[in-house]
Amino acid sequence: MPVHKLDEIDRKILAELQADGRMTNVELAKRVGISAPPCLRRVRTLEEAGYITGYHAVVDARALHFEVQVFAMVGLQSQAEVDLSAFEAKCIEWPLVRECHMLNGEVDFILKCVAPDLSTFQTFLTSQLLSTPNVASVKTSLVIRGAKDEPGVPFEVLEARLARNA
């Protein structure tokens, strides 16, 4: 867990990089109001402290002909830690599974899957997911369209909370 105490400049750096991880250090420094050398030092410190865990391009799945997105709600027969970990390990192996989250409630896991077509997803569902040991049930929901897909955290909420507590 990060232990570095974030100040206002650190939070601005994180918010700017979350919005555009490709900007140059000079541009980042300009946006947050400091010079480039201390900005770069701060970015490195934020990386080392674990606040920044990577940089990614946002790829348009449909442009690459991945037309199907499905959420799969998975129930397991056993919720013993060894069984939960075994299922998570399988999810990491499956390329169509892009996200895997363990949940509290009726469903044990929700998986976000992408596939080029429905047939490919159906083959994955029947030959891999449903045949995995300990899987008791799978309910799927096909995404019709997405209205919002924001990365990271809402920094405006963090700033408002900090302002109230100041």
# chains A, B, ... in the order shown; residues from 1 in each chain; ligands from 1
call {"tool": "select_by_dssp", "arguments": {"residues": "chain A", "states": "strand (DSSP E)", "output": "compact mmCIF listing (two decimals) with N, CA, C and O atoms, in the first residue's frame"}}
result
# COMPACT_ATOMS: atom_id res chain seq x y z
N VAL A 68 -18.17 -8.12 -29.44
CA VAL A 68 -19.00 -8.63 -28.35
C VAL A 68 -18.33 -8.35 -27.01
O VAL A 68 -17.15 -8.65 -26.81
N GLN A 69 -19.10 -7.75 -26.11
CA GLN A 69 -18.66 -7.56 -24.73
C GLN A 69 -19.74 -8.16 -23.84
O GLN A 69 -20.93 -7.87 -24.02
N VAL A 70 -19.31 -8.98 -22.89
CA VAL A 70 -20.25 -9.71 -22.04
C VAL A 70 -19.77 -9.61 -20.59
O VAL A 70 -18.58 -9.70 -20.31
N PHE A 71 -20.73 -9.44 -19.69
CA PHE A 71 -20.45 -9.58 -18.26
C PHE A 71 -20.97 -10.94 -17.84
O PHE A 71 -22.13 -11.27 -18.10
N ALA A 72 -20.11 -11.72 -17.21
CA ALA A 72 -20.49 -13.05 -16.74
C ALA A 72 -20.44 -13.06 -15.22
O ALA A 72 -19.41 -12.74 -14.62
N MET A 73 -21.58 -13.40 -14.61
CA MET A 73 -21.67 -13.50 -13.17
C MET A 73 -21.52 -14.98 -12.80
O MET A 73 -22.33 -15.81 -13.22
N VAL A 74 -20.48 -15.27 -12.03
CA VAL A 74 -20.10 -16.65 -11.75
C VAL A 74 -20.33 -16.98 -10.28
O VAL A 74 -19.88 -16.25 -9.39
N GLY A 75 -21.03 -18.08 -10.05
CA GLY A 75 -21.20 -18.61 -8.71
C GLY A 75 -20.36 -19.86 -8.55
O GLY A 75 -20.34 -20.70 -9.45
N LEU A 76 -19.67 -19.99 -7.45
CA LEU A 76 -18.84 -21.16 -7.19
C LEU A 76 -19.50 -22.08 -6.17
O LEU A 76 -20.30 -21.63 -5.35
N VAL A 97 -11.17 -12.97 -20.98
CA VAL A 97 -11.52 -12.32 -19.70
C VAL A 97 -10.58 -11.13 -19.51
O VAL A 97 -9.38 -11.28 -19.34
N ARG A 98 -11.15 -9.94 -19.56
CA ARG A 98 -10.36 -8.71 -19.45
C ARG A 98 -10.35 -8.17 -18.03
O ARG A 98 -9.43 -7.46 -17.63
N GLU A 99 -11.39 -8.46 -17.26
CA GLU A 99 -11.46 -8.06 -15.85
C GLU A 99 -12.09 -9.20 -15.07
O GLU A 99 -12.98 -9.89 -15.57
N CYS A 100 -11.64 -9.36 -13.83
CA CYS A 100 -12.20 -10.37 -12.93
C CYS A 100 -12.26 -9.75 -11.54
O CYS A 100 -11.24 -9.29 -11.02
N HIS A 101 -13.46 -9.71 -10.97
CA HIS A 101 -13.64 -9.11 -9.65
C HIS A 101 -14.43 -10.08 -8.76
O HIS A 101 -15.49 -10.57 -9.16
N MET A 102 -13.91 -10.33 -7.55
CA MET A 102 -14.65 -11.11 -6.57
C MET A 102 -15.65 -10.18 -5.89
O MET A 102 -15.32 -9.05 -5.54
N PHE A 109 -18.12 -13.95 -8.49
CA PHE A 109 -17.23 -13.20 -9.37
C PHE A 109 -18.03 -12.58 -10.50
O PHE A 109 -19.03 -13.15 -10.95
N ILE A 110 -17.55 -11.43 -10.97
CA ILE A 110 -18.06 -10.88 -12.23
C ILE A 110 -16.86 -10.76 -13.16
O ILE A 110 -15.79 -10.29 -12.75
N LEU A 111 -17.06 -11.23 -14.38
CA LEU A 111 -16.01 -11.20 -15.39
C LEU A 111 -16.45 -10.28 -16.52
O LEU A 111 -17.59 -10.36 -16.97
N LYS A 112 -15.56 -9.44 -16.98
CA LYS A 112 -15.80 -8.66 -18.18
C LYS A 112 -15.04 -9.36 -19.30
O LYS A 112 -13.82 -9.54 -19.21
N CYS A 113 -15.78 -9.78 -20.31
CA CYS A 113 -15.19 -10.54 -21.41
C CYS A 113 -15.38 -9.80 -22.72
O CYS A 113 -16.40 -9.14 -22.92
N VAL A 114 -14.42 -9.93 -23.63
CA VAL A 114 -14.57 -9.42 -24.99
C VAL A 114 -14.26 -10.54 -25.95
O VAL A 114 -13.43 -11.40 -25.68
N ALA A 115 -14.97 -10.51 -27.09
CA ALA A 115 -14.78 -11.54 -28.11
C ALA A 115 -15.06 -10.93 -29.48
O ALA A 115 -15.82 -9.95 -29.58
N VAL A 135 -17.12 -24.35 -10.59
CA VAL A 135 -18.11 -23.40 -11.12
C VAL A 135 -19.49 -24.02 -11.01
O VAL A 135 -19.75 -25.08 -11.58
N ALA A 136 -20.37 -23.39 -10.26
CA ALA A 136 -21.71 -23.90 -10.04
C ALA A 136 -22.72 -23.27 -10.99
O ALA A 136 -23.65 -23.92 -11.45
N SER A 137 -22.53 -21.97 -11.29
CA SER A 137 -23.49 -21.28 -12.16
C SER A 137 -22.81 -20.11 -12.86
O SER A 137 -21.86 -19.53 -12.35
N VAL A 138 -23.33 -19.81 -14.05
CA VAL A 138 -22.87 -18.64 -14.80
C VAL A 138 -24.09 -17.99 -15.42
O VAL A 138 -24.89 -18.65 -16.09
N LYS A 139 -24.25 -16.70 -15.17
CA LYS A 139 -25.29 -15.91 -15.82
C LYS A 139 -24.57 -14.85 -16.64
O LYS A 139 -23.65 -14.19 -16.13
N THR A 140 -24.98 -14.67 -17.88
CA THR A 140 -24.30 -13.71 -18.74
C THR A 140 -25.25 -12.59 -19.17
O THR A 140 -26.45 -12.80 -19.30
N SER A 141 -24.65 -11.43 -19.37
CA SER A 141 -25.38 -10.28 -19.90
C SER A 141 -24.54 -9.67 -21.01
O SER A 141 -23.39 -9.27 -20.80
N LEU A 142 -25.14 -9.62 -22.20
CA LEU A 142 -24.49 -9.05 -23.37
C LEU A 142 -24.61 -7.53 -23.32
O LEU A 142 -25.70 -7.00 -23.10
call {"tool": "closest_residue", "arguments": {"among": "A:Gln79, A:Ser35, A:Thr53, A:Asn104", "to": "Leu17 (chain A)", "atoms": "only C-alpha atoms"}}
result
A:Thr53
call {"tool": "select_by_dssp", "arguments": {"residues": "chain A", "states": "alpha helix (DSSP H)", "output": "PyMOL selection string"}}
result
chain A and resi 8-19+25-32+36-48+81-93+118-124+155-165
call {"tool": "closest_residue", "arguments": {"among": "A:Glu150, A:Thr45, A:Leu118, A:Leu40", "to": "Gln18 (chain A)", "atoms": "only C-alpha atoms"}}
result
A:Glu150
call {"tool": "closest_residue", "arguments": {"among": "A:Phe121, A:Gly33, A:Gly21, A:Lys148", "to": "Ile52 (chain A)", "atoms": "only C-alpha atoms"}}
result
A:Gly21
call {"tool": "atom_distance", "arguments": {"atom1": "CA of Ser127 (chain A)", "atom2": "CA of Trp94 (chain A)"}}
result
11.8 Å
call {"tool": "atom_distance", "arguments": {"atom1": "CA of Cys91 (chain A)", "atom2": "CA of Arg145 (chain A)"}}
result
23.9 Å
call {"tool": "atom_distance", "arguments": {"atom1": "CA of Ala15 (chain A)", "atom2": "CA of Glu27 (chain A)"}}
result
13.6 Å
call {"tool": "residues_around", "arguments": {"residues": "His65 (chain A)", "least_positions_apart": "2", "cutoff": "10 Å", "atoms": "only C-alpha atoms", "output": "ChimeraX atom specification"}}
result
/A:60-63,67-68,115-117
call {"tool": "decode", "arguments": {"residues": "region 62-99 of chain A", "atoms": "N, CA and C atoms", "output": "PDB file, in the first residue's frame"}}
result
ATOM      1  N   ARG A  62     -13.756  -2.367 -30.887  1.00  0.00           N
ATOM      2  CA  ARG A  62     -14.556  -2.521 -32.113  1.00  0.00           C
ATOM      3  C   ARG A  62     -13.733  -2.256 -33.370  1.00  0.00           C
ATOM      4  N   ALA A  63     -12.794  -1.344 -33.285  1.00  0.00           N
ATOM      5  CA  ALA A  63     -11.925  -1.080 -34.442  1.00  0.00           C
ATOM      6  C   ALA A  63     -11.085  -2.314 -34.782  1.00  0.00           C
ATOM      7  N   LEU A  64     -10.853  -3.150 -33.775  1.00  0.00           N
ATOM      8  CA  LEU A  64     -10.102  -4.397 -33.973  1.00  0.00           C
ATOM      9  C   LEU A  64     -11.033  -5.591 -34.147  1.00  0.00           C
ATOM     10  N   HIS A  65     -12.321  -5.299 -34.385  1.00  0.00           N
ATOM     11  CA  HIS A  65     -13.348  -6.304 -34.660  1.00  0.00           C
ATOM     12  C   HIS A  65     -13.645  -7.219 -33.473  1.00  0.00           C
ATOM     13  N   PHE A  66     -13.517  -6.680 -32.262  1.00  0.00           N
ATOM     14  CA  PHE A  66     -14.015  -7.356 -31.072  1.00  0.00           C
ATOM     15  C   PHE A  66     -15.384  -6.738 -30.808  1.00  0.00           C
ATOM     16  N   GLU A  67     -16.398  -7.351 -31.387  1.00  0.00           N
ATOM     17  CA  GLU A  67     -17.741  -6.771 -31.423  1.00  0.00           C
ATOM     18  C   GLU A  67     -18.587  -7.132 -30.208  1.00  0.00           C
ATOM     19  N   VAL A  68     -18.166  -8.118 -29.440  1.00  0.00           N
ATOM     20  CA  VAL A  68     -18.997  -8.633 -28.353  1.00  0.00           C
ATOM     21  C   VAL A  68     -18.327  -8.354 -27.007  1.00  0.00           C
ATOM     22  N   GLN A  69     -19.098  -7.752 -26.112  1.00  0.00           N
ATOM     23  CA  GLN A  69     -18.661  -7.560 -24.734  1.00  0.00           C
ATOM     24  C   GLN A  69     -19.736  -8.163 -23.842  1.00  0.00           C
ATOM     25  N   VAL A  70     -19.314  -8.982 -22.894  1.00  0.00           N
ATOM     26  CA  VAL A  70     -20.249  -9.710 -22.036  1.00  0.00           C
ATOM     27  C   VAL A  70     -19.773  -9.612 -20.588  1.00  0.00           C
ATOM     28  N   PHE A  71     -20.733  -9.443 -19.687  1.00  0.00           N
ATOM     29  CA  PHE A  71     -20.446  -9.584 -18.264  1.00  0.00           C
ATOM     30  C   PHE A  71     -20.969 -10.943 -17.838  1.00  0.00           C
ATOM     31  N   ALA A  72     -20.108 -11.720 -17.207  1.00  0.00           N
ATOM     32  CA  ALA A  72     -20.486 -13.052 -16.743  1.00  0.00           C
ATOM     33  C   ALA A  72     -20.442 -13.062 -15.220  1.00  0.00           C
ATOM     34  N   MET A  73     -21.582 -13.404 -14.612  1.00  0.00           N
ATOM     35  CA  MET A  73     -21.670 -13.501 -13.166  1.00  0.00           C
ATOM     36  C   MET A  73     -21.521 -14.976 -12.800  1.00  0.00           C
ATOM     37  N   VAL A  74     -20.478 -15.271 -12.028  1.00  0.00           N
ATOM     38  CA  VAL A  74     -20.095 -16.649 -11.753  1.00  0.00           C
ATOM     39  C   VAL A  74     -20.328 -16.977 -10.284  1.00  0.00           C
ATOM     40  N   GLY A  75     -21.029 -18.077 -10.053  1.00  0.00           N
ATOM     41  CA  GLY A  75     -21.204 -18.606  -8.705  1.00  0.00           C
ATOM     42  C   GLY A  75     -20.360 -19.861  -8.552  1.00  0.00           C
ATOM     43  N   LEU A  76     -19.668 -19.987  -7.449  1.00  0.00           N
ATOM     44  CA  LEU A  76     -18.836 -21.158  -7.190  1.00  0.00           C
ATOM     45  C   LEU A  76     -19.504 -22.077  -6.172  1.00  0.00           C
ATOM     46  N   GLN A  77     -19.155 -23.344  -6.217  1.00  0.00           N
ATOM     47  CA  GLN A  77     -19.682 -24.302  -5.246  1.00  0.00           C
ATOM     48  C   GLN A  77     -19.044 -24.099  -3.873  1.00  0.00           C
ATOM     49  N   SER A  78     -17.756 -23.763  -3.876  1.00  0.00           N
ATOM     50  CA  SER A  78     -17.023 -23.559  -2.626  1.00  0.00           C
ATOM     51  C   SER A  78     -16.360 -22.190  -2.645  1.00  0.00           C
ATOM     52  N   GLN A  79     -16.421 -21.511  -1.500  1.00  0.00           N
ATOM     53  CA  GLN A  79     -15.769 -20.220  -1.377  1.00  0.00           C
ATOM     54  C   GLN A  79     -14.545 -20.293  -0.466  1.00  0.00           C
ATOM     55  N   ALA A  80     -14.003 -21.500  -0.307  1.00  0.00           N
ATOM     56  CA  ALA A  80     -12.757 -21.634   0.453  1.00  0.00           C
ATOM     57  C   ALA A  80     -11.664 -20.876  -0.294  1.00  0.00           C
ATOM     58  N   GLU A  81     -10.742 -20.289   0.437  1.00  0.00           N
ATOM     59  CA  GLU A  81      -9.713 -19.447  -0.182  1.00  0.00           C
ATOM     60  C   GLU A  81      -8.950 -20.177  -1.285  1.00  0.00           C
ATOM     61  N   VAL A  82      -8.653 -21.431  -1.091  1.00  0.00           N
ATOM     62  CA  VAL A  82      -7.926 -22.190  -2.117  1.00  0.00           C
ATOM     63  C   VAL A  82      -8.748 -22.275  -3.407  1.00  0.00           C
ATOM     64  N   ASP A  83     -10.058 -22.411  -3.292  1.00  0.00           N
ATOM     65  CA  ASP A  83     -10.928 -22.494  -4.466  1.00  0.00           C
ATOM     66  C   ASP A  83     -11.103 -21.134  -5.139  1.00  0.00           C
ATOM     67  N   LEU A  84     -11.208 -20.077  -4.351  1.00  0.00           N
ATOM     68  CA  LEU A  84     -11.292 -18.730  -4.902  1.00  0.00           C
ATOM     69  C   LEU A  84     -10.016 -18.394  -5.677  1.00  0.00           C
ATOM     70  N   SER A  85      -8.876 -18.711  -5.078  1.00  0.00           N
ATOM     71  CA  SER A  85      -7.590 -18.439  -5.730  1.00  0.00           C
ATOM     72  C   SER A  85      -7.418 -19.265  -6.998  1.00  0.00           C
ATOM     73  N   ALA A  86      -7.881 -20.503  -6.984  1.00  0.00           N
ATOM     74  CA  ALA A  86      -7.781 -21.354  -8.177  1.00  0.00           C
ATOM     75  C   ALA A  86      -8.620 -20.777  -9.314  1.00  0.00           C
ATOM     76  N   PHE A  87      -9.814 -20.276  -8.988  1.00  0.00           N
ATOM     77  CA  PHE A  87     -10.650 -19.679 -10.023  1.00  0.00           C
ATOM     78  C   PHE A  87     -10.010 -18.402 -10.569  1.00  0.00           C
ATOM     79  N   GLU A  88      -9.476 -17.568  -9.689  1.00  0.00           N
ATOM     80  CA  GLU A  88      -8.802 -16.352 -10.137  1.00  0.00           C
ATOM     81  C   GLU A  88      -7.626 -16.683 -11.063  1.00  0.00           C
ATOM     82  N   ALA A  89      -6.884 -17.729 -10.734  1.00  0.00           N
ATOM     83  CA  ALA A  89      -5.754 -18.137 -11.576  1.00  0.00           C
ATOM     84  C   ALA A  89      -6.228 -18.549 -12.969  1.00  0.00           C
ATOM     85  N   LYS A  90      -7.371 -19.247 -13.037  1.00  0.00           N
ATOM     86  CA  LYS A  90      -7.928 -19.609 -14.353  1.00  0.00           C
ATOM     87  C   LYS A  90      -8.311 -18.360 -15.137  1.00  0.00           C
ATOM     88  N   CYS A  91      -8.924 -17.398 -14.463  1.00  0.00           N
ATOM     89  CA  CYS A  91      -9.335 -16.160 -15.141  1.00  0.00           C
ATOM     90  C   CYS A  91      -8.139 -15.427 -15.728  1.00  0.00           C
ATOM     91  N   ILE A  92      -7.036 -15.423 -15.017  1.00  0.00           N
ATOM     92  CA  ILE A  92      -5.821 -14.765 -15.503  1.00  0.00           C
ATOM     93  C   ILE A  92      -5.328 -15.436 -16.785  1.00  0.00           C
ATOM     94  N   GLU A  93      -5.529 -16.737 -16.914  1.00  0.00           N
ATOM     95  CA  GLU A  93      -5.086 -17.482 -18.098  1.00  0.00           C
ATOM     96  C   GLU A  93      -5.958 -17.225 -19.330  1.00  0.00           C
ATOM     97  N   TRP A  94      -7.233 -16.898 -19.149  1.00  0.00           N
ATOM     98  CA  TRP A  94      -8.163 -16.773 -20.266  1.00  0.00           C
ATOM     99  C   TRP A  94      -8.041 -15.408 -20.947  1.00  0.00           C
ATOM    100  N   PRO A  95      -7.652 -15.370 -22.207  1.00  0.00           N
ATOM    101  CA  PRO A  95      -7.492 -14.087 -22.893  1.00  0.00           C
ATOM    102  C   PRO A  95      -8.792 -13.293 -23.049  1.00  0.00           C
ATOM    103  N   LEU A  96      -9.923 -13.959 -23.211  1.00  0.00           N
ATOM    104  CA  LEU A  96     -11.183 -13.234 -23.394  1.00  0.00           C
ATOM    105  C   LEU A  96     -11.625 -12.520 -22.126  1.00  0.00           C
ATOM    106  N   VAL A  97     -11.171 -12.967 -20.979  1.00  0.00           N
ATOM    107  CA  VAL A  97     -11.516 -12.319 -19.700  1.00  0.00           C
ATOM    108  C   VAL A  97     -10.580 -11.131 -19.515  1.00  0.00           C
ATOM    109  N   ARG A  98     -11.149  -9.935 -19.558  1.00  0.00           N
ATOM    110  CA  ARG A  98     -10.356  -8.712 -19.451  1.00  0.00           C
ATOM    111  C   ARG A  98     -10.348  -8.165 -18.028  1.00  0.00           C
ATOM    112  N   GLU A  99     -11.392  -8.463 -17.262  1.00  0.00           N
ATOM    113  CA  GLU A  99     -11.456  -8.064 -15.854  1.00  0.00           C
ATOM    114  C   GLU A  99     -12.093  -9.199 -15.068  1.00  0.00           C
TER     115      GLU A  99
END
